[in-house]
Each structure stands twice: as C-alpha cells, then as structure tokens.
Amino acid sequence: MNMDNTKGKERGMNFLIQPKKYKSLMADEGSRAIMDKTIAFFEAMGKERLLEDFHKKTWYREFVEFIGREQIFAKLLTPKEYAGDDPDARWDTARNNEYSELLAFYGLGYWYCFQVSILGLGPIWMSPNEKEKQRAARLLKEGAIFAFGLSERDHGADIYSTETTLTPKGDGTYLANGEKYYIGNGNEAEMVSTLGKVDDGTGDYTFFVTNFRHKAYELKKNVVSHQQYVSNFALHDYPITEEDILSRGQHAWDSVLNTVNIGKFNIGPASIGITEHCFYEAITHASNRVLYGAYVTDMPHVRKNFMDAWLRLVAMKMYQRRATDYFRGANENDRRYLLYNPTSKMKVTLQSEDIINLLWDVIAAKGFEKDTYFFTGTSEVRGPSKLEGTVHVNVQLIRKFMRNYFFNPAEYAPVAPDFSLNDDLFVFNQGPARGLGKVRFHDYRPVFDAFRDLPNVATFIEQIDIFKELLEKAGPDEAQDRDPSWSLPLGEMFSIVVYGQLILEQAQLDGTDPAIINQVFDFMVRDFAHFALQIYGNHSSRDEQREYCSRIMLIKAVPDTEQYNAVWNKYVSVLDGEYEMNK
Ligand SMILES: Cc1cc2nc3c(=O)[nH]c(=O)nc-3n(C[C@H](O)[C@H](O)[C@H](O)COP(=O)(O)OP(=O)(O)OC[C@H]3O[C@@H](n4cnc5c(N)ncnc54)[C@H](O)[C@@H]3O)c2cc1C
C-alpha cells in the first residue's frame, strides 16, 4: 500500500477537475495516458457535436470505437492475471472512479457504457469458469463492451422474483427463456451476464452468458429516449451449455449482491463529474451577468447558492476519495466498505441533485439552453440516485450497521491512502453477502475530536451526541422500525455522521484548509436538523423522541462572515472562466 498521499494533496488544492489542466491521481504513465487521451477525444469532438449527439440521442459509436482502439476498457477492467503482457491493465477502484468522474464530466451516457460494462464483468471475474474469463479478457482487448442482465420489468428491486429460467434438456445442456428490462449495452454487449433460475426443482439462481448476435436473443427496444441503449431483450429457447454458466446457487446470489457493491461505488463519481461541469458553466455565466447595474454574483443569496454548491461538491469528492481507500483495503476481516459504499451511493448522488437545484435557481433560463452542458446535467443528474438500488434501499441497508457503528467500535490498523498499482482482487472475492450485523467499525469520535476547534464541527458533535442518546434512550419501537417513513430519516441522519467522519479523515490526510471544513460543517449541521424535523413531524413519534429532535433542530451553525467571504474569494469566485469546453 502506498503511504504517500502527495497525489491527493496535489489535486486537493484544485478540488474540481479541470480537463485543460488535468492532474490525474494516478502515479503511472499508462493511467495518465488513459485520462489524457479521453480528454483529447472529447475536446476534439467539441461541445457542439457532444450536445448535438445528446439531443439527437445518437448512439456513441465513435466513443465505443475509441475505447476499443486505445484499449481503455481492456486496461481498466482486466485484472492483471488475465491481461497478458499489458503493463497498464489492472482492476483499480481508485482509477475506475477517476475515469467515471471524467466520463460523466462530458456526459452521463458515456459513463453508463463504462458502468454497465463493469457490472457485466462482475459475475465473470467472480466466476470459477476460467474459459469465460479468458474469453472476456480477449474480448476486452478486441474492444468489446459488456452488460449486466439482472432486472426484469415487473420485479424492480425484488430479485427473488426473477422469472428468467434455465431449463435442462436432459443432455447436459439448457434452454434459457425470459425477458430482461433496463439492461444497458444490451444492443452490442459481447457478453451479457444474465441472471435466471434453474428450472430443475432446485430453483437455484444462476448467472450465464448470452450474446446479442444469437438468433434466440431478441433485442426488443431501447426503453429510454437517450443516446445510451437501455435494452429490453428476450431469450427464446436460447441454448446454454455448462461452458456458458458463470455461477450457480449461493455463488450466483452472492455474485449479484457483490457485483452491485462494486457498481454502486462507481455511481458517486458520475454525479460528481456532472456537477463539476455544470458548476463551471453556472459560475462563469452568473459572474458575468449584470442586472440592475450590478453583477449577479454580488447578490448575497446568489453567492450563498454558489458557496453551498461548491462546499457540497468538495465534500462529495472528499468522502468518495476516502471511501475508496477503505474499499481498496477491504478484506474478509475488514468489511467496513459495506457501510461506506451505500453511503456514497445515496449521499453523493443526492447531494449532486441539491447542487444542480442550487445552481439552476441562479442561472434560471440559461439552464434551458440547448447549447449548454448544464441542460444535459439537469436531465441526467436525478438518474444516479435511482440506479443500483434506490435511495430507500441503500438507507435501509446502512441502518443495519448503526448499532455497531455507535455502540460497539473495534480496533483497526489505520487505512492509508491507496494509490498503488495493485489489482483490487478482493472485490471479486467478497464472500457471502450475509452477516452484515457483524461488521464493526473504528470509533468515529477521535477524528471528530481532532477537529473540535472548528466551531461547526463542535456543533455537529453536539448534534451527534443527542442523536446517540435518542438511539439509546428513545430508539424506534418495532412498529417505527418497520415503518420506512420513520426509519428512513433516522437512516439519513446516521448517513450524515458517516459522511462527516470520512470527510474529516480525508481533510486530515490532505491538510485541507480548516476554513473550508468549518464551512462544510455549516451545511452538515443544517442537514442534520432537517431530518430531525422529519422525525419530529412524524405522527407516530413519541413525545420523548420529539424532545430529542427539537434539541437537535434548535442547534444552529456558527456564523463566520469573514471566513465565509474568504472562502468565496479564494476558492469559489475564481472559478469564473476557469474552464470552457472546446467549441
Ligand atoms: C437508466 C436505467 C438503467 C438501468 N440499467 C440496468 C442494467 O444495466 N442492468 C440491470 O439489471 N438493471 C438496470 N436498471 C434497473 C435498475 O437497477 C432498477 O431501476 C432498480 O433496481 C430499481 O427498480 P425499479 O426502478 O423498478 O424500482 P422498484 O423496485 O419497483 O421500487 C419501487 C419503490 O419501492 C422502493 N423499494 C423497493 N425495495 C425496497 C426495499 N428493500 N426497501 C425500501 N424500499 C424499497 C423503492 O425505493 C421505490 O421507491 C436500470 C434502470 C434504469 C432506469
């Protein structure tokens, strides 16, 4: 593991990515070349063409050719063991996150092609089927894209109800039948990891590989109106042999959940990328617009929106960066990522929606214009929170960790920033997806204490202490626990504590300007109070619970006008004109 965090520090100074002055977090030339070539590809395409393709919903053929020609997915998505002599190939979560952010900066559709390839490859790299792994590696080299065939139209998050079947023919082969819905890349994926149940009385889950070229694979339609292809396909007596089967029974089930664990961690960076590009356009527009003889950005509420947006964006990036270290460092005795990944999924994605709202309130009509990236951002930004499990699903998931997080901390060796060139092989060996209640966490308090001298961190600590007391002395009863309208805001409050913890850990590593951190915790305090109000207003809340909620709600962030203005002047207002995509 690389203990050196200079890469993070170097880039941390800039906070937002700037493609024209791009600083990769990656140490190796091969990875930097991937980022640089991708920027060059999009900047050469230019904004007019990028947006025209978006509006005309043109399938990104040239992009798919580009990633094939430059071996980009082959390098990013092939573990070393299967990569032959390519020195740049590895499965590196930090690098994949960085690449996702960059792709989404230019368009969520491009990111989606990468995302669903990641998902499609999950059950393959998790499989004991060596032949299919070798085939995937070869196809990656040939420039293939991949797909994850899990969802069915009528069942949504309820995977238990999967209807696709694999029926044994009696000669050791099978026929697959069923219909899949919402399957990205299903129009061109060379390998579609498809989930079904074996119709032999066992009802075992199984992952098997299908291909869009086969005549028994009916590509019905693109279910969305977009340049990305989110397919509905049907299998009609599609012949499957043992060689096509990736996994069966418990292994197949675990592969579903463990693949989603990988995929859901790759969504936050997409939200970050969208928001960054929108931020540049918004601040450049507003800073140069004069109304009633004054700059729009001189209006206090406008400035506040930009400050809030920028601080939220910086916090998203800090959380995601730190959570990456935990995912890369995970092993069978350290599964803390099972909390940090869904927290990224629900929190980072929802924060980006808030940011676009804040920015759109300022740039108003400009945000509708078809020659802005911003318009694409407004239509895309609400997607990420709904993929790989909705916010509800992820909040319910993280609630399982709440008891151990607050009341049963464990000792762990410190996890250093990890920019190593290692393969993250544990992600394909996560083991059984059960036993979540047994995962333990390091004590959250020391890092908060280390920042206690910042008034808003101290205020937040006060709120956490009351929240913890609420859990201890007036926790949800069984009915409230079962009622998501009660338990969801509780889970949201928990997520803000986890979010704050990792942000502070990253601030420690980067030596982030304390003024920024204090201002970040200004919005954290407000957000925490917001969810306390939701519990307060819930009809089933008891008086004692309301009492705790009122105490949390009535705590306000500590103002510091001088610091606020300093952050605005030093970091935010200077982004006016900082980046404009080539025409
Ligand atoms: C653009 C797009 C691309 C996609 N790409 C793929 C793909 O490539 N491959 C693939 O397999 N799938 C894909 N999906 C499907 C996606 O994963 C599903 O949309 C998602 O699983 C949720 O299903 P649903 O939208 O039908 O919601 P539903 O499952 O019908 O949910 C309905 C409501 O119930 C709530 N809910 C459901 N379960 C729970 C729970 N356990 N706890 C609390 N609340 C719950 C939800 O939050 C929601 O509010 C894609 C979807 C879209 C829109």
# chains A, B, ... in the order shown; residues from 1 in each chain; ligands from 1
>>> select_by_dssp(residues="segment 312-356 of chain A", states="alpha helix (DSSP H)", output="number ranges by chain")
A: 312-328, 337-343, 349-356
>>> write_last_selection(atoms="N, CA and C atoms", output="mmCIF file, in the first residue's frame")
data_model
loop_
_atom_site.group_PDB
_atom_site.id
_atom_site.type_symbol
_atom_site.label_atom_id
_atom_site.label_comp_id
_atom_site.auth_asym_id
_atom_site.auth_seq_id
_atom_site.Cartn_x
_atom_site.Cartn_y
_atom_site.Cartn_z
ATOM 1 N N ARG A 312 -20.631 21.634 -0.972
ATOM 2 C CA ARG A 312 -21.212 20.289 -1.064
ATOM 3 C C ARG A 312 -20.427 19.443 -2.061
ATOM 4 N N LEU A 313 -19.998 20.073 -3.127
ATOM 5 C CA LEU A 313 -19.225 19.348 -4.143
ATOM 6 C C LEU A 313 -17.867 18.907 -3.584
ATOM 7 N N VAL A 314 -17.227 19.794 -2.888
ATOM 8 C CA VAL A 314 -15.929 19.445 -2.284
ATOM 9 C C VAL A 314 -16.121 18.300 -1.282
ATOM 10 N N ALA A 315 -17.180 18.377 -0.502
ATOM 11 C CA ALA A 315 -17.434 17.326 0.498
ATOM 12 C C ALA A 315 -17.691 15.985 -0.182
ATOM 13 N N MET A 316 -18.438 15.998 -1.277
ATOM 14 C CA MET A 316 -18.704 14.750 -2.018
ATOM 15 C C MET A 316 -17.403 14.117 -2.465
ATOM 16 N N LYS A 317 -16.520 14.973 -2.994
ATOM 17 C CA LYS A 317 -15.250 14.448 -3.507
ATOM 18 C C LYS A 317 -14.388 13.902 -2.379
ATOM 19 N N MET A 318 -14.390 14.592 -1.251
ATOM 20 C CA MET A 318 -13.570 14.132 -0.125
ATOM 21 C C MET A 318 -14.089 12.804 0.411
ATOM 22 N N TYR A 319 -15.408 12.704 0.524
ATOM 23 C CA TYR A 319 -15.974 11.445 1.030
ATOM 24 C C TYR A 319 -15.621 10.298 0.090
ATOM 25 N N GLN A 320 -15.856 10.517 -1.192
ATOM 26 C CA GLN A 320 -15.642 9.444 -2.165
ATOM 27 C C GLN A 320 -14.174 9.003 -2.171
ATOM 28 N N ARG A 321 -13.281 9.979 -2.090
ATOM 29 C CA ARG A 321 -11.837 9.672 -2.093
ATOM 30 C C ARG A 321 -11.484 8.791 -0.898
ATOM 31 N N ARG A 322 -11.958 9.178 0.264
ATOM 32 C CA ARG A 322 -11.595 8.412 1.462
ATOM 33 C C ARG A 322 -12.245 7.027 1.449
ATOM 34 N N ALA A 323 -13.497 6.973 1.010
ATOM 35 C CA ALA A 323 -14.184 5.679 0.981
ATOM 36 C C ALA A 323 -13.465 4.726 0.024
ATOM 37 N N THR A 324 -12.821 5.278 -0.999
ATOM 38 C CA THR A 324 -12.088 4.435 -1.952
ATOM 39 C C THR A 324 -10.961 3.687 -1.251
ATOM 40 N N ASP A 325 -10.291 4.360 -0.324
ATOM 41 C CA ASP A 325 -9.206 3.693 0.419
ATOM 42 C C ASP A 325 -9.742 2.475 1.172
ATOM 43 N N TYR A 326 -10.927 2.623 1.756
ATOM 44 C CA TYR A 326 -11.491 1.505 2.522
ATOM 45 C C TYR A 326 -11.920 0.361 1.607
ATOM 46 N N PHE A 327 -12.409 0.714 0.417
ATOM 47 C CA PHE A 327 -12.818 -0.363 -0.493
ATOM 48 C C PHE A 327 -11.578 -1.102 -1.008
ATOM 49 N N ARG A 328 -10.544 -0.314 -1.352
ATOM 50 C CA ARG A 328 -9.321 -0.958 -1.855
ATOM 51 C C ARG A 328 -8.646 -1.795 -0.765
ATOM 52 N N TYR A 337 -16.368 -1.291 4.133
ATOM 53 C CA TYR A 337 -16.867 -0.734 2.864
ATOM 54 C C TYR A 337 -18.362 -1.011 2.684
ATOM 55 N N LEU A 338 -18.868 -2.042 3.366
ATOM 56 C CA LEU A 338 -20.298 -2.368 3.191
ATOM 57 C C LEU A 338 -21.194 -1.257 3.734
ATOM 58 N N LEU A 339 -20.652 -0.439 4.597
ATOM 59 C CA LEU A 339 -21.356 0.770 5.027
ATOM 60 C C LEU A 339 -20.961 1.964 4.148
ATOM 61 N N TYR A 340 -19.673 2.087 3.870
ATOM 62 C CA TYR A 340 -19.205 3.292 3.174
ATOM 63 C C TYR A 340 -19.676 3.335 1.712
ATOM 64 N N ASN A 341 -19.806 2.173 1.070
ATOM 65 C CA ASN A 341 -20.244 2.190 -0.339
ATOM 66 C C ASN A 341 -21.707 2.637 -0.493
ATOM 67 N N PRO A 342 -22.654 2.023 0.225
ATOM 68 C CA PRO A 342 -24.024 2.534 0.067
ATOM 69 C C PRO A 342 -24.191 3.969 0.544
ATOM 70 N N THR A 343 -23.346 4.386 1.498
ATOM 71 C CA THR A 343 -23.428 5.788 1.933
ATOM 72 C C THR A 343 -23.012 6.696 0.779
ATOM 73 N N THR A 349 -24.919 10.957 -4.529
ATOM 74 C CA THR A 349 -25.833 11.162 -5.651
ATOM 75 C C THR A 349 -26.920 12.200 -5.307
ATOM 76 N N LEU A 350 -27.431 12.138 -4.084
ATOM 77 C CA LEU A 350 -28.478 13.106 -3.715
ATOM 78 C C LEU A 350 -27.906 14.516 -3.555
ATOM 79 N N GLN A 351 -26.678 14.587 -3.064
ATOM 80 C CA GLN A 351 -26.052 15.900 -2.926
ATOM 81 C C GLN A 351 -25.914 16.568 -4.291
ATOM 82 N N SER A 352 -25.604 15.770 -5.310
ATOM 83 C CA SER A 352 -25.432 16.376 -6.640
ATOM 84 C C SER A 352 -26.772 16.944 -7.128
ATOM 85 N N GLU A 353 -27.869 16.306 -6.755
ATOM 86 C CA GLU A 353 -29.182 16.841 -7.154
ATOM 87 C C GLU A 353 -29.418 18.194 -6.471
ATOM 88 N N ASP A 354 -29.043 18.253 -5.197
ATOM 89 C CA ASP A 354 -29.190 19.531 -4.473
ATOM 90 C C ASP A 354 -28.354 20.622 -5.133
ATOM 91 N N ILE A 355 -27.151 20.238 -5.546
ATOM 92 C CA ILE A 355 -26.253 21.242 -6.139
ATOM 93 C C ILE A 355 -26.837 21.789 -7.437
ATOM 94 N N ILE A 356 -27.337 20.890 -8.277
ATOM 95 C CA ILE A 356 -27.912 21.369 -9.544
ATOM 96 C C ILE A 356 -29.103 22.285 -9.257
#
>>> residues_near_ligand(ligand="ligand 1", cutoff="7 Å", atoms="only C-alpha atoms and all ligand atoms", output="ChimeraX atom specification")
/A:116,147-151,153,155-158,182-184,224,230,383,386-393,396
>>> atom_distance(atom1="atom CA of Tyr292 of chain A", atom2="atom CA of Lys570 of chain A")
26.0 Å
>>> residues_around(residues="Val381 of chain A", least_positions_apart="2", cutoff="12 Å", atoms="only C-alpha atoms", output="PyMOL selection string")
chain A and resi 104-105+107-109+267-278+348-357+373-379+383-387
>>> write_last_selection(atoms="N, CA and C atoms", output="mmCIF file, in the first residue's frame")
data_model
loop_
_atom_site.group_PDB
_atom_site.id
_atom_site.type_symbol
_atom_site.label_atom_id
_atom_site.label_comp_id
_atom_site.auth_asym_id
_atom_site.auth_seq_id
_atom_site.Cartn_x
_atom_site.Cartn_y
_atom_site.Cartn_z
ATOM 1 N N ALA A 104 -18.336 11.207 -16.974
ATOM 2 C CA ALA A 104 -19.603 11.894 -16.679
ATOM 3 C C ALA A 104 -19.447 13.400 -16.839
ATOM 4 N N PHE A 105 -18.240 13.893 -16.662
ATOM 5 C CA PHE A 105 -17.982 15.320 -16.880
ATOM 6 C C PHE A 105 -18.392 15.693 -18.307
ATOM 7 N N GLY A 107 -20.500 13.561 -20.180
ATOM 8 C CA GLY A 107 -21.856 13.087 -20.456
ATOM 9 C C GLY A 107 -22.133 11.791 -19.718
ATOM 10 N N LEU A 108 -23.274 11.749 -19.049
ATOM 11 C CA LEU A 108 -23.599 10.564 -18.243
ATOM 12 C C LEU A 108 -23.731 9.314 -19.125
ATOM 13 N N GLY A 109 -24.142 9.496 -20.363
ATOM 14 C CA GLY A 109 -24.293 8.356 -21.266
ATOM 15 C C GLY A 109 -22.982 7.613 -21.467
ATOM 16 N N ILE A 267 -20.950 5.001 -8.848
ATOM 17 C CA ILE A 267 -22.002 5.929 -9.256
ATOM 18 C C ILE A 267 -21.741 7.339 -8.718
ATOM 19 N N GLY A 268 -21.279 7.414 -7.475
ATOM 20 C CA GLY A 268 -20.964 8.735 -6.897
ATOM 21 C C GLY A 268 -20.059 9.559 -7.814
ATOM 22 N N PRO A 269 -18.979 8.976 -8.340
ATOM 23 C CA PRO A 269 -18.103 9.768 -9.215
ATOM 24 C C PRO A 269 -18.828 10.317 -10.437
ATOM 25 N N ALA A 270 -19.835 9.586 -10.920
ATOM 26 C CA ALA A 270 -20.588 10.099 -12.072
ATOM 27 C C ALA A 270 -21.335 11.362 -11.676
ATOM 28 N N SER A 271 -21.952 11.322 -10.500
ATOM 29 C CA SER A 271 -22.672 12.510 -10.028
ATOM 30 C C SER A 271 -21.702 13.678 -9.847
ATOM 31 N N ILE A 272 -20.522 13.369 -9.368
ATOM 32 C CA ILE A 272 -19.521 14.429 -9.163
ATOM 33 C C ILE A 272 -19.144 15.051 -10.510
ATOM 34 N N GLY A 273 -18.898 14.199 -11.510
ATOM 35 C CA GLY A 273 -18.488 14.704 -12.823
ATOM 36 C C GLY A 273 -19.537 15.614 -13.444
ATOM 37 N N ILE A 274 -20.793 15.207 -13.376
ATOM 38 C CA ILE A 274 -21.879 16.040 -13.932
ATOM 39 C C ILE A 274 -21.866 17.408 -13.254
ATOM 40 N N THR A 275 -21.778 17.351 -11.928
ATOM 41 C CA THR A 275 -21.917 18.584 -11.147
ATOM 42 C C THR A 275 -20.756 19.538 -11.411
ATOM 43 N N GLU A 276 -19.576 18.980 -11.579
ATOM 44 C CA GLU A 276 -18.405 19.844 -11.809
ATOM 45 C C GLU A 276 -18.554 20.644 -13.100
ATOM 46 N N HIS A 277 -18.952 19.952 -14.169
ATOM 47 C CA HIS A 277 -19.073 20.660 -15.443
ATOM 48 C C HIS A 277 -20.159 21.746 -15.344
ATOM 49 N N CYS A 278 -21.260 21.385 -14.709
ATOM 50 C CA CYS A 278 -22.346 22.362 -14.533
ATOM 51 C C CYS A 278 -21.871 23.556 -13.702
ATOM 52 N N VAL A 348 -23.810 10.897 -1.973
ATOM 53 C CA VAL A 348 -23.136 11.668 -3.020
ATOM 54 C C VAL A 348 -24.113 11.950 -4.170
ATOM 55 N N THR A 349 -24.919 10.957 -4.529
ATOM 56 C CA THR A 349 -25.833 11.162 -5.651
ATOM 57 C C THR A 349 -26.920 12.200 -5.307
ATOM 58 N N LEU A 350 -27.431 12.138 -4.084
ATOM 59 C CA LEU A 350 -28.478 13.106 -3.715
ATOM 60 C C LEU A 350 -27.906 14.516 -3.555
ATOM 61 N N GLN A 351 -26.678 14.587 -3.064
ATOM 62 C CA GLN A 351 -26.052 15.900 -2.926
ATOM 63 C C GLN A 351 -25.914 16.568 -4.291
ATOM 64 N N SER A 352 -25.604 15.770 -5.310
ATOM 65 C CA SER A 352 -25.432 16.376 -6.640
ATOM 66 C C SER A 352 -26.772 16.944 -7.128
ATOM 67 N N GLU A 353 -27.869 16.306 -6.755
ATOM 68 C CA GLU A 353 -29.182 16.841 -7.154
ATOM 69 C C GLU A 353 -29.418 18.194 -6.471
ATOM 70 N N ASP A 354 -29.043 18.253 -5.197
ATOM 71 C CA ASP A 354 -29.190 19.531 -4.473
ATOM 72 C C ASP A 354 -28.354 20.622 -5.133
ATOM 73 N N ILE A 355 -27.151 20.238 -5.546
ATOM 74 C CA ILE A 355 -26.253 21.242 -6.139
ATOM 75 C C ILE A 355 -26.837 21.789 -7.437
ATOM 76 N N ILE A 356 -27.337 20.890 -8.277
ATOM 77 C CA ILE A 356 -27.912 21.369 -9.544
ATOM 78 C C ILE A 356 -29.103 22.285 -9.257
ATOM 79 N N ASN A 357 -29.899 21.947 -8.253
ATOM 80 C CA ASN A 357 -31.017 22.842 -7.894
ATOM 81 C C ASN A 357 -30.497 24.216 -7.484
ATOM 82 N N TYR A 373 -23.957 22.497 -21.482
ATOM 83 C CA TYR A 373 -23.868 21.176 -20.840
ATOM 84 C C TYR A 373 -24.873 21.140 -19.700
ATOM 85 N N PHE A 374 -25.090 22.310 -19.101
ATOM 86 C CA PHE A 374 -25.954 22.386 -17.926
ATOM 87 C C PHE A 374 -27.310 21.728 -18.188
ATOM 88 N N PHE A 375 -27.861 22.000 -19.370
ATOM 89 C CA PHE A 375 -29.177 21.424 -19.655
ATOM 90 C C PHE A 375 -29.126 19.900 -19.600
ATOM 91 N N THR A 376 -28.046 19.336 -20.164
ATOM 92 C CA THR A 376 -27.935 17.872 -20.112
ATOM 93 C C THR A 376 -27.818 17.423 -18.651
ATOM 94 N N GLY A 377 -27.070 18.219 -17.876
ATOM 95 C CA GLY A 377 -26.905 17.886 -16.459
ATOM 96 C C GLY A 377 -28.231 17.861 -15.720
ATOM 97 N N THR A 378 -29.098 18.842 -16.038
ATOM 98 C CA THR A 378 -30.389 18.884 -15.331
ATOM 99 C C THR A 378 -31.220 17.635 -15.627
ATOM 100 N N SER A 379 -31.090 17.131 -16.841
ATOM 101 C CA SER A 379 -31.917 15.961 -17.167
ATOM 102 C C SER A 379 -31.265 14.655 -16.710
ATOM 103 N N GLY A 383 -30.739 10.718 -12.218
ATOM 104 C CA GLY A 383 -30.656 9.285 -12.508
ATOM 105 C C GLY A 383 -29.826 8.496 -11.501
ATOM 106 N N PRO A 384 -28.581 8.944 -11.236
ATOM 107 C CA PRO A 384 -27.684 8.107 -10.423
ATOM 108 C C PRO A 384 -28.255 7.654 -9.084
ATOM 109 N N SER A 385 -29.067 8.464 -8.434
ATOM 110 C CA SER A 385 -29.575 8.048 -7.118
ATOM 111 C C SER A 385 -30.535 6.862 -7.247
ATOM 112 N N LYS A 386 -31.024 6.633 -8.469
ATOM 113 C CA LYS A 386 -32.048 5.582 -8.628
ATOM 114 C C LYS A 386 -31.490 4.269 -9.160
ATOM 115 N N LEU A 387 -30.225 4.273 -9.575
ATOM 116 C CA LEU A 387 -29.631 3.056 -10.133
ATOM 117 C C LEU A 387 -28.892 2.277 -9.052
#
>>> closest_residue(among="A:Ser573, A:Ser193, A:Asn331, A:Asn261", to="His285 of chain A", atoms="only C-alpha atoms")
A:Ser573
>>> residues_around(residues="Pro559 of chain A", least_positions_apart="6", cutoff="9 Å", atoms="only C-alpha atoms", output="short mmCIF file (atom, residue, chain, number, x, y, z; two decimals) with N, CA and C atoms, in the first residue's frame")
data_model
loop_
_atom_site.label_atom_id
_atom_site.label_comp_id
_atom_site.auth_asym_id
_atom_site.auth_seq_id
_atom_site.Cartn_x
_atom_site.Cartn_y
_atom_site.Cartn_z
N PRO A 455 -15.69 25.61 15.00
CA PRO A 455 -17.00 25.77 15.67
C PRO A 455 -18.11 24.91 15.09
N ASN A 456 -18.13 24.75 13.76
CA ASN A 456 -19.23 23.98 13.20
C ASN A 456 -19.05 22.47 13.37
N GLN A 519 -16.78 25.55 7.01
CA GLN A 519 -17.94 25.93 6.20
C GLN A 519 -18.73 24.70 5.72
N ASP A 522 -21.04 23.70 8.29
CA ASP A 522 -22.19 24.61 8.40
C ASP A 522 -23.40 23.94 7.72
#
>>> residues_around(residues="Met299 of chain A", least_positions_apart="6", cutoff="12 Å", atoms="only C-alpha atoms", output="PyMOL selection string")
chain A and resi 286-287+289-293+305-306+362
>>> write_last_selection(atoms="N, CA and C atoms", output="PDB file, in the first residue's frame")
ATOM      1  N   ALA A 286     -23.016  33.406 -14.369  1.00  0.00           N
ATOM      2  CA  ALA A 286     -23.532  34.350 -13.363  1.00  0.00           C
ATOM      3  C   ALA A 286     -22.524  35.457 -13.054  1.00  0.00           C
ATOM      4  N   SER A 287     -21.255  35.129 -13.082  1.00  0.00           N
ATOM      5  CA  SER A 287     -20.242  36.127 -12.712  1.00  0.00           C
ATOM      6  C   SER A 287     -20.136  37.239 -13.749  1.00  0.00           C
ATOM      7  N   ARG A 289     -22.828  38.329 -15.593  1.00  0.00           N
ATOM      8  CA  ARG A 289     -24.168  38.853 -15.904  1.00  0.00           C
ATOM      9  C   ARG A 289     -24.443  40.049 -14.998  1.00  0.00           C
ATOM     10  N   VAL A 290     -24.844  41.129 -15.646  1.00  0.00           N
ATOM     11  CA  VAL A 290     -25.113  42.357 -14.891  1.00  0.00           C
ATOM     12  C   VAL A 290     -26.623  42.627 -14.898  1.00  0.00           C
ATOM     13  N   LEU A 291     -27.194  42.762 -13.715  1.00  0.00           N
ATOM     14  CA  LEU A 291     -28.617  43.110 -13.588  1.00  0.00           C
ATOM     15  C   LEU A 291     -28.729  44.323 -12.668  1.00  0.00           C
ATOM     16  N   TYR A 292     -29.544  45.236 -13.020  1.00  0.00           N
ATOM     17  CA  TYR A 292     -29.728  46.475 -12.236  1.00  0.00           C
ATOM     18  C   TYR A 292     -28.380  47.135 -11.949  1.00  0.00           C
ATOM     19  N   GLY A 293     -27.451  47.012 -12.882  1.00  0.00           N
ATOM     20  CA  GLY A 293     -26.161  47.685 -12.729  1.00  0.00           C
ATOM     21  C   GLY A 293     -25.181  46.969 -11.822  1.00  0.00           C
ATOM     22  N   ASN A 305     -25.884  30.482  -2.728  1.00  0.00           N
ATOM     23  CA  ASN A 305     -26.133  29.263  -3.509  1.00  0.00           C
ATOM     24  C   ASN A 305     -24.827  28.684  -4.057  1.00  0.00           C
ATOM     25  N   PHE A 306     -23.981  29.554  -4.576  1.00  0.00           N
ATOM     26  CA  PHE A 306     -22.707  29.064  -5.114  1.00  0.00           C
ATOM     27  C   PHE A 306     -21.824  28.478  -4.010  1.00  0.00           C
ATOM     28  N   VAL A 362     -30.024  29.918  -9.744  1.00  0.00           N
ATOM     29  CA  VAL A 362     -29.282  31.133 -10.089  1.00  0.00           C
ATOM     30  C   VAL A 362     -29.296  31.378 -11.592  1.00  0.00           C
TER      31      VAL A 362
END
>>> residues_around(residues="Arg403 of chain A", least_positions_apart="4", cutoff="10 Å", atoms="only C-alpha atoms", output="PyMOL selection string")
chain A and resi 399+407-409+437+440+468+471-472
>>> closest_residue(among="A:Leu219, A:Leu175, A:Leu509, A:Val209", to="Ser127 of chain A", atoms="only C-alpha atoms")
A:Val209
>>> atom_distance(atom1="atom CA of Lys131 of chain A", atom2="atom CA of Leu246 of chain A")
9.8 Å
>>> residues_around(residues="Arg135 of chain A", least_positions_apart="2", cutoff="12 Å", atoms="only C-alpha atoms", output="list of chain:residue names")
A:Thr78, A:Tyr82, A:Ala83, A:Leu121, A:Ile124, A:Trp125, A:Asn129, A:Glu130, A:Lys131, A:Glu132, A:Lys133, A:Ala137, A:Arg138, A:Leu139, A:Leu140, A:Lys141, A:Glu142, A:Ala144, A:Glu190, A:Met191, A:Val209, A:Glu243, A:Asp244
>>> closest_atom_pairs(of="segment 168-234 of chain A", to="segment 64-75 of chain A", cutoff="12 Å", atoms="only C-alpha atoms", output="JSON lines")
{"residue": "A:Asn185", "atom": "CA", "partner": "A:Val64", "partner_atom": "CA", "distance": 10.8}
{"residue": "A:Glu188", "atom": "CA", "partner": "A:Val64", "partner_atom": "CA", "distance": 10.1}
{"residue": "A:Ala189", "atom": "CA", "partner": "A:Val64", "partner_atom": "CA", "distance": 11.1}
{"residue": "A:Gln228", "atom": "CA", "partner": "A:Val64", "partner_atom": "CA", "distance": 11.3}
>>> write_last_selection(atoms="C-alpha atoms", output="PDB file, in the first residue's frame")
ATOM      1  CA  ASN A 185     -25.410  -2.042 -23.617  1.00  0.00           C
ATOM      2  CA  GLU A 188     -23.978  -4.548 -28.522  1.00  0.00           C
ATOM      3  CA  ALA A 189     -22.550  -6.328 -25.478  1.00  0.00           C
ATOM      4  CA  GLN A 228     -27.290   5.246 -24.295  1.00  0.00           C
TER       5      GLN A 228
END
>>> decode(residues="segment 386-398 of chain A", atoms="N, CA and C atoms", output="short mmCIF file (atom, residue, chain, number, x, y, z; two decimals), in the first residue's frame")
data_model
loop_
_atom_site.label_atom_id
_atom_site.label_comp_id
_atom_site.auth_asym_id
_atom_site.auth_seq_id
_atom_site.Cartn_x
_atom_site.Cartn_y
_atom_site.Cartn_z
N LYS A 386 -31.02 6.63 -8.47
CA LYS A 386 -32.05 5.58 -8.63
C LYS A 386 -31.49 4.27 -9.16
N LEU A 387 -30.23 4.27 -9.58
CA LEU A 387 -29.63 3.06 -10.13
C LEU A 387 -28.89 2.28 -9.05
N GLU A 388 -28.71 0.96 -9.29
CA GLU A 388 -28.03 0.10 -8.31
C GLU A 388 -28.65 0.24 -6.93
N GLY A 389 -29.96 0.19 -6.90
CA GLY A 389 -30.67 0.32 -5.62
C GLY A 389 -31.05 1.78 -5.42
N THR A 390 -32.31 2.00 -5.10
CA THR A 390 -32.78 3.36 -4.86
C THR A 390 -32.21 3.87 -3.53
N VAL A 391 -32.46 5.14 -3.27
CA VAL A 391 -32.01 5.73 -2.00
C VAL A 391 -32.63 4.94 -0.84
N HIS A 392 -33.91 4.62 -0.97
CA HIS A 392 -34.58 3.87 0.11
C HIS A 392 -33.85 2.58 0.41
N VAL A 393 -33.55 1.83 -0.64
CA VAL A 393 -32.91 0.52 -0.46
C VAL A 393 -31.56 0.70 0.25
N ASN A 394 -30.82 1.71 -0.15
CA ASN A 394 -29.49 1.91 0.45
C ASN A 394 -29.56 2.43 1.88
N VAL A 395 -30.55 3.26 2.15
CA VAL A 395 -30.69 3.74 3.54
C VAL A 395 -31.08 2.57 4.45
N GLN A 396 -32.00 1.76 3.95
CA GLN A 396 -32.40 0.60 4.78
C GLN A 396 -31.21 -0.32 5.02
N LEU A 397 -30.37 -0.42 4.01
CA LEU A 397 -29.18 -1.27 4.13
C LEU A 397 -28.23 -0.73 5.21
N ILE A 398 -27.96 0.55 5.15
CA ILE A 398 -26.96 1.06 6.11
C ILE A 398 -27.48 1.07 7.55
#
